[in-house]
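Notes follow once the structure below has been shown.
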Amino acid sequence: MNVSFRSTYDFLAPSRISFGWGRRREAGSLARSLGHRAFLIHGSEALERLGIVEEIAESLRKEGIETVRLGTIDHEPLVEDVDRMSALLRESGGTPGDFLLALGGGSAIDLAKASAAMATNRRSLTVKDYLEGVGSGLQVEADPLPLLAMPTTAGTGSEATKNAVISSRRPPFKKSIRSDRMVPRAVIVDPELSVSVPPEVTAATGMDAITQLVESYISLRASPIPQAIALQGLALAAPSIVRAYRSGSDRDAREKMSHAALLSGLALANSGLGMAHGVAAALGIHANVPHGLACAVMLPVALRVNLEVREAEIGLLGEVLCGRRFGSSAEGATAALEKVEELCAAVGIPRRLRDLGVRREQLPAIVESSRGSSMSGNPRQLSDAELGAILESML
Ligand code: NAD
């Protein structure tokens, strides 16, 4: 099959990735090289209830690392969340030996990534000034505090990326602070941490990972290492997401989804994304749709829209997703689309924007807010009128 190949590229990744069931218990020994005081930001309350936060603190204690609880987050991070956390860090942290530990989904990890950057980059006290497209253009020039990321959802891959997505309600935006310096220093992916994730979050976050693998593969900025990674991620995720959704304690399914999510982060950080993620950010801002769910709803449409310019690539994805060969790219591409639609239906993803609470009068604002870094990687350029018509047809 004749797929594209970019012959010049860079590849960025965390310095150390430790993957494996139960490996949270090694947090202390793996964190030793990062420092001796950990500022902890964590997500879900379930982690506290299940004793996981304490278990990790104990593992750090055994290695002589003090844990300072900086805060928790139960929503996708807002500018004010980052500003509050980074003020706390500036007051009490930032001395040699300090590092951040993020335990949670993409929300907790992004909050920690942005706060770690704001703790050492002090030209402004608000992260807004560092956000792409809405800020005053400040750049992350100093290394952030080191970060150990421990994802508890299998979705965003934020543990392996160089950006943090930060939202604002007034004015409404969802934008990234981004720098090569922001890739977490160390990552522990313990798939057992995702066992308590409820089915609907398993579905949305898992489809987020699949969307990232697909979009990075066909992106205008697609590059060879992420493309190779994406194929393995999709081959593992396609047969696992429904099992993880139906049976949260299925170890094999959780392991494969956690690995696929990690790969999706490595892929997106080095290849960019596309239309599904562009629109997903806008759906998050204007209709408060959780990130993964928005990506999942948009993925079949994004595949259809890009089919004519990426038939060979989508054809190959069809073979990987279905685990069999097809006679032609066109057949493979059709199979890719059908498979994605089948997976979405099997994990309860709605098809229509109105099912997400989107109203017709919101569409112009959604189109406008879809224009960000993700959309710039979409293989087919879409005018506002075209994008508006696509979204109208999805209402
Ligand atoms: P999330 O972190 O918001 O978590 C979703 C829900 O699951 C929350 O209610 C959380 O409390 C709960 N949860 C998390 N772990 C749990 C566990 N182990 N058990 C029970 N419940 C648990 O969702 P997410 O999809 O992981 O992250 C979304 C955020 O990540 C969005 O803001 C999105 O924009 C961002 N994102 C960032 C990147 C990046 O590269 N930086 C990439 C994609 C998405």
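Naming works like this for the structure tokens: A, B, ... for the chains as they're shown, residue 1 at the start of each chain, ligands 1 onward in shown order.
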(request) Could you tell me, counting only C-alpha atoms and all ligand atoms, which protein and nucleic acid residues lie no more than 6 Å from ligand 1, written as a count of residues only? (result) 30
(message) I'd like the contact shell of region 310-322 of chain A - 6 Å cut-off, only C-alpha atoms, skipping same-chain residues fewer than 5 positions apart - returned as an NGL selection string.
(response) :A and (3 or 235 or 238 or 329 or 332-333 or 335-336)
Residues from last step as file, C-alpha atoms, as a short mmCIF file (atom, residue, chain, number, x, y, z; two decimals), in the first residue's frame:
```cif
data_model
loop_
_atom_site.label_atom_id
_atom_site.label_comp_id
_atom_site.auth_asym_id
_atom_site.auth_seq_id
_atom_site.Cartn_x
_atom_site.Cartn_y
_atom_site.Cartn_z
CA VAL A 3 1.19 5.46 2.31
CA ALA A 235 -4.67 -2.91 16.66
CA ALA A 238 -10.14 -1.96 18.58
CA SER A 329 -7.83 0.98 -0.31
CA GLY A 332 -10.33 -0.87 3.58
CA ALA A 333 -11.44 2.74 4.05
CA ALA A 335 -14.31 -0.96 6.57
CA ALA A 336 -12.50 1.60 8.77
#
```
(request) Provide the CA of Ala280 (chain A) to CA of Ala261 (chain A) distance in Å, to one decimal place. (result)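 Between these atoms lies a distance of 17.5 Å.
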(request) Quick one: pick out all strand (DSSP E) residues within region 123-217 of chain A from a backbone DSSP run and write them as a list in words. (result)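 In region 123-217 of chain A, DSSP puts these residues in strand (DSSP E): Leu147, Leu148, Ala149, Met150, Pro151, Asn163, Ala164, Val165, Ile166, Ser167, Ser168, Phe173, Lys174, Lys175, Ser176, Ile177, Arg178, Ala186, Val187, Ile188 and Val189 of chain A.
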Residues from the last selection, N, CA, C and O atoms, saved as a CSV table (one decimal), in the first residue's frame:
```csv
chain,number,residue,atom,x,y,z
A,147,LEU,N,8.0,16.8,36.5
A,147,LEU,CA,6.6,16.2,36.7
A,147,LEU,C,6.7,14.7,36.5
A,147,LEU,O,7.2,14.2,35.5
A,148,LEU,N,6.1,14.0,37.5
A,148,LEU,CA,5.8,12.6,37.3
A,148,LEU,C,4.3,12.4,37.1
A,148,LEU,O,3.5,12.9,37.9
A,149,ALA,N,3.9,11.9,35.9
A,149,ALA,CA,2.5,11.8,35.5
A,149,ALA,C,2.1,10.3,35.7
A,149,ALA,O,2.7,9.4,35.2
A,150,MET,N,0.9,10.1,36.4
A,150,MET,CA,0.3,8.8,36.5
A,150,MET,C,-1.1,8.8,36.1
A,150,MET,O,-2.0,9.2,36.9
A,151,PRO,N,-1.4,8.5,34.8
A,151,PRO,CA,-2.8,8.5,34.3
A,151,PRO,C,-3.7,7.5,35.0
A,151,PRO,O,-3.2,6.4,35.3
A,163,ASN,N,1.7,19.6,25.8
A,163,ASN,CA,0.8,20.7,26.0
A,163,ASN,C,-0.2,20.4,27.2
A,163,ASN,O,-0.3,19.2,27.6
A,164,ALA,N,-0.8,21.4,27.7
A,164,ALA,CA,-1.9,21.3,28.6
A,164,ALA,C,-3.1,22.1,28.1
A,164,ALA,O,-2.9,23.2,27.7
A,165,VAL,N,-4.3,21.5,28.1
A,165,VAL,CA,-5.4,22.2,27.6
A,165,VAL,C,-6.2,22.8,28.7
A,165,VAL,O,-6.6,22.2,29.7
A,166,ILE,N,-6.3,24.1,28.6
A,166,ILE,CA,-6.9,24.9,29.6
A,166,ILE,C,-8.1,25.7,29.1
A,166,ILE,O,-8.0,26.3,28.0
A,167,SER,N,-9.2,25.7,29.9
A,167,SER,CA,-10.4,26.4,29.4
A,167,SER,C,-10.8,27.6,30.1
A,167,SER,O,-10.2,27.9,31.2
A,168,SER,N,-11.7,28.4,29.5
A,168,SER,CA,-12.2,29.5,30.2
A,168,SER,C,-13.7,29.6,29.8
A,168,SER,O,-14.1,29.3,28.7
A,173,PHE,N,-13.2,29.9,25.8
A,173,PHE,CA,-12.2,29.3,25.0
A,173,PHE,C,-11.6,28.0,25.6
A,173,PHE,O,-11.8,27.8,26.8
A,174,LYS,N,-10.9,27.2,24.8
A,174,LYS,CA,-10.3,26.0,25.3
A,174,LYS,C,-9.0,26.0,24.5
A,174,LYS,O,-9.0,25.7,23.3
A,175,LYS,N,-7.9,26.3,25.1
A,175,LYS,CA,-6.6,26.5,24.3
A,175,LYS,C,-5.5,25.8,25.1
A,175,LYS,O,-5.6,25.5,26.3
A,176,SER,N,-4.3,25.7,24.4
A,176,SER,CA,-3.2,25.0,25.0
A,176,SER,C,-2.1,25.9,25.4
A,176,SER,O,-1.8,26.9,24.7
A,177,ILE,N,-1.4,25.6,26.5
A,177,ILE,CA,-0.1,26.1,26.7
A,177,ILE,C,0.8,25.0,26.3
A,177,ILE,O,0.6,23.8,26.6
A,178,ARG,N,1.8,25.3,25.5
A,178,ARG,CA,2.6,24.2,24.8
A,178,ARG,C,4.1,24.5,24.7
A,178,ARG,O,4.5,25.7,24.4
A,186,ALA,N,8.8,11.9,33.9
A,186,ALA,CA,8.7,10.5,34.1
A,186,ALA,C,7.2,10.1,34.1
A,186,ALA,O,6.3,11.0,34.5
A,187,VAL,N,6.9,8.9,33.7
A,187,VAL,CA,5.5,8.5,33.6
A,187,VAL,C,5.4,7.1,34.1
A,187,VAL,O,6.2,6.2,33.9
A,188,ILE,N,4.4,6.9,35.0
A,188,ILE,CA,4.0,5.5,35.4
A,188,ILE,C,2.6,5.3,34.9
A,188,ILE,O,1.7,5.9,35.3
A,189,VAL,N,2.5,4.3,34.0
A,189,VAL,CA,1.2,3.9,33.6
A,189,VAL,C,0.8,2.6,34.3
A,189,VAL,O,1.4,1.5,33.9
```
(message) Here is a test: counting only C-alpha atoms, which residue of A:Pro191, A:Pro290, A:Pro14, A:Gly51 is nearest to Met207 (chain A)?
(response) A:Pro290
(request) Once DSSP has gone over the backbone, tell me which residues of region 109-301 of chain A are in alpha helix (DSSP H), as number ranges by chain. (result) A: 109-120, 199-218, 224-237, 241-246, 251-271, 275-287, 291-301
(request) Go through A:Arg185, A:Arg6, A:Ser179, A:Val195 and flag the residue nearest Leu50 (chain A), using only C-alpha atoms for the distances. (result) A:Val195
(message) I'd like the contact shell of Met298 (chain A) - 10 Å cut-off, only C-alpha atoms, skipping same-chain residues fewer than 2 positions apart - returned as a list in words.
(response)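 Residues meeting the cut-off are Thr211, Met275, Ala276, His277, Gly278, Val279, Ala280, Gly292, Leu293, Ala294, Cys295, Ala296, Pro300, Val301, Ala302, Leu303, Arg351, Arg352, Leu353, Leu391 and Met394 of chain A.
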Produce a file of the selected residues containing C-alpha atoms, as an mmCIF file, in the first residue's frame.
```cif
data_model
loop_
_atom_site.group_PDB
_atom_site.id
_atom_site.type_symbol
_atom_site.label_atom_id
_atom_site.label_comp_id
_atom_site.auth_asym_id
_atom_site.auth_seq_id
_atom_site.Cartn_x
_atom_site.Cartn_y
_atom_site.Cartn_z
ATOM 1 C CA THR A 211 -9.510 9.328 17.708
ATOM 2 C CA MET A 275 -10.970 18.087 12.617
ATOM 3 C CA ALA A 276 -12.506 15.849 15.299
ATOM 4 C CA HIS A 277 -10.282 17.385 17.959
ATOM 5 C CA GLY A 278 -10.759 20.900 16.570
ATOM 6 C CA VAL A 279 -14.538 20.640 16.866
ATOM 7 C CA ALA A 280 -14.308 18.742 20.182
ATOM 8 C CA GLY A 292 -13.550 12.271 24.923
ATOM 9 C CA LEU A 293 -17.265 12.134 24.188
ATOM 10 C CA ALA A 294 -16.982 15.065 21.785
ATOM 11 C CA CYS A 295 -14.076 13.386 19.955
ATOM 12 C CA ALA A 296 -15.996 10.128 19.705
ATOM 13 C CA PRO A 300 -16.848 8.997 12.012
ATOM 14 C CA VAL A 301 -17.568 12.369 10.410
ATOM 15 C CA ALA A 302 -13.878 13.340 10.386
ATOM 16 C CA LEU A 303 -13.037 10.075 8.622
ATOM 17 C CA ARG A 351 -24.468 10.074 16.792
ATOM 18 C CA ARG A 352 -26.209 13.437 16.810
ATOM 19 C CA LEU A 353 -25.055 16.769 18.198
ATOM 20 C CA LEU A 391 -22.260 20.313 11.822
ATOM 21 C CA MET A 394 -25.159 16.288 12.464
#
```
Per residue of region 329-352 of chain A within 10 Å of region 245-260 of chain A, what are the shortest atom pair and its distance in Å to one decimal, counting only C-alpha atoms, with rows by chain and residue number, as a Markdown table?
```
| residue | atom | partner | partner_atom | distance |
| --- | --- | --- | --- | --- |
| A:Ala346 | CA | A:Tyr245 | CA | 9.0 |
| A:Val347 | CA | A:Tyr245 | CA | 6.6 |
| A:Gly348 | CA | A:Tyr245 | CA | 9.5 |
```
Write a file of the selected residues as a tab-separated table (two decimals), in the first residue's frame, keeping N, CA and C atoms.
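Here's the written file again30.tsv:
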```tsv
chain	number	residue	atom	x	y	z
A	346	ALA	N	-21.35	0.38	20.05
A	346	ALA	CA	-21.22	-0.65	21.09
A	346	ALA	C	-20.91	-0.06	22.46
A	347	VAL	N	-20.29	1.13	22.50
A	347	VAL	CA	-19.99	1.73	23.80
A	347	VAL	C	-20.91	2.93	24.10
A	348	GLY	N	-22.02	2.99	23.36
A	348	GLY	CA	-23.07	3.95	23.72
A	348	GLY	C	-22.78	5.40	23.36
```
(message) List as a VMD selection string the protein and nucleic acid residues near Gln212 (chain A), meaning an atom at most 7 Å away when only C-alpha atoms are counted, but skip any in the same chain fewer than 2 places from it.
(response) chain A and resid 208 to 210 214 to 216 264 268 273
(message) Here is a test: counting only C-alpha atoms, which residue of A:Gly22, A:Ile109, A:Asp83, A:Leu101 is nearest to Leu60 (chain A)?
(response) A:Leu101
Env of Lys128 (chain A): 7 Å cut, atoms = only C-alpha atoms, seq-sep filter 3 positions within chain, self excluded. Answer as a PDB file with C-alpha atoms, in the first residue's frame.
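Final output, result04.pdb:
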```pdb
ATOM      1  CA  VAL A  79      -7.500  29.331  33.821  1.00  0.00           C
ATOM      2  CA  LEU A 131      -2.205  30.125  25.920  1.00  0.00           C
ATOM      3  CA  GLY A 135      -2.831  35.063  25.406  1.00  0.00           C
TER       4      GLY A 135
END
```
(request) Mind giving me the straight-line distance from CA of Ala38 (chain A) to CA of Glu66 (chain A) in Å, one decimal? (result)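 Separating CA of Ala38 (chain A) from CA of Glu66 (chain A) is a distance of 6.1 Å.
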(message) Let me make sure I understand: among A:Leu34, A:Pro224, A:Thr67, A:Thr126, which one has the smallest atom-to-atom distance to Thr8 (chain A) if we use only C-alpha atoms?
(response)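 So, comparing all the options, the nearest one is A:Pro224.
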